[in-house]
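K.L.:
Sharing a structure here in structure tokens format.
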Amino acid sequence: MWENYKSRTITRVSYVCLPVNRRSEAKVWLLTQGQGLAAFGLFITLVEMAALCPTRGVLSDEKGPITPSRVVLRLGNAVSEEQVAHLWSLLTHPMCGWLVQRGVVECGEGAERSKAALLKAFKVAEPAASAIAKCEGVTFDEIRVSMARIRKSTDIKNQPAILVKELASRHGLELAGGKA
């Protein structure tokens with residue numbers, strides 16, 4: 001997650017660099033949730049685990065994906081699986097997005113709901129949100145990555161409009177009033 005030119009030359013990771021950014025909207029959102037501080041602690045633990053995985057940064061090893069139940073086992077049952085699952089859900093929530101579950105919802109009706117929830121969390125208004133959610137070419141990850149980039153570079157009140165314009169332009173979507 002926090003790779004740089006120097007860390008990419010390291011074959012076996014023995015530490016991770018943690019950027020200091022206390023103004024991150026995602027971090028503020030996470031810490032204001034009921035178990036936010038615990039979720040932050042779990043995230044740091046997951047970063048340590050991911051650094052040692054065969055594909056650095058991907059929570060998967062020779063036994064398969066590292067799931068909440070596997071995290072509990074690795075932590076020696078210091079926390080319950082229910083607690084880890086709840087904290088995991090905070091980390092994957094669209095307002096945080098620090099943990100991305102790939103391949104969980106890829107197509108069909110479920111994908112539209114997931115994209116719609118992500119767009120709603122980013123305050124994208126109708127009918128643009130529905131049009132983007134229904135577009136097969138637009139993926140959940142594409143929306144999430146665009147949201148993260150836009151959050152860093154734009155005034156908060158303009159972020160939804162910029163996201164809509166960017167996705168509509170990229171995918172040739174017709175929205176109210178012509179192309180966005």
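Residues are named by chain letter and number: chains run A, B, ... in the order of the structure tokens, numbers start at 1 in each chain, and ligands are numbered from 1 in the order shown.
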Run DSSP on the backbone and tell me which residues of region 33-79 of chain A come out as alpha helix (DSSP H); list them as number ranges by chain.

P.N.:
A: 36-51, 68-74

K.L.:
I need the residues of chain A that end up classed as strand (DSSP E or B) by DSSP on the backbone, written out as an MDAnalysis selection string.

P.N.:
chainID A and resid 60:61 64:65 174:175 178:179

K.L.:
May I have the residues within 12 Å of region 9-26 of chain A as a ChimeraX atom specification, using only C-alpha atoms and disregarding those fewer than 6 positions away in the same chain?

P.N.:
/A:1-3,32-33,36,40,43-57,90-99,121-122,147-148,150-153,156

K.L.:
CA of Ala116 (chain A) and CA of Ala133 (chain A), how far apart in Å?

P.N.:
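Here the two named atoms are 5.3 Å from each other.
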
K.L.:
Restricting the calculation to only C-alpha atoms: of A:Val71, A:Leu175, A:Val79, A:Ala39, which residue gets closest to Ala128 (chain A)?

P.N.:
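Among the listed residues, the smallest separation from Ala128 (chain A) belongs to A:Leu175.
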
K.L.:
CA of Val100 (chain A) to CA of Gly41 (chain A): how many Å, to one decimal?

P.N.:
16.8 Å

K.L.:
Taking 4 positions as the minimum chain separation for residues in the same chain, which residues sit within 12 Å of Ala131 (chain A) when counting only C-alpha atoms? Answer as a compact mmCIF listing (two decimals) with C-alpha atoms, in the first residue's frame.

P.N.:
# COMPACT_ATOMS: atom_id res chain seq x y z
CA GLU A 112 -25.44 -2.59 -9.68
CA LYS A 115 -21.98 0.52 -7.41
CA ALA A 116 -25.18 2.36 -6.48
CA LEU A 119 -22.19 6.42 -5.63
CA VAL A 124 -23.92 11.48 -6.54
CA ALA A 125 -27.49 12.60 -7.34
CA GLU A 126 -30.09 10.85 -9.47
CA PRO A 127 -30.48 10.19 -12.38
CA CYS A 135 -23.44 0.85 -17.06
CA GLU A 136 -21.69 -2.53 -17.47
CA GLY A 137 -18.43 -0.85 -18.46
CA VAL A 138 -18.11 0.99 -15.14
CA VAL A 164 -20.04 12.00 -12.81
CA LEU A 167 -17.14 8.52 -15.68
CA ALA A 168 -19.72 9.74 -18.21
CA HIS A 171 -17.81 5.57 -20.93
CA GLY A 172 -19.80 7.74 -23.35
CA LEU A 173 -22.84 7.96 -21.08
CA GLU A 174 -25.68 10.29 -22.04
CA LEU A 175 -26.99 12.16 -19.00
CA ALA A 176 -29.66 14.83 -18.56
CA ALA A 180 -21.58 15.31 -18.89
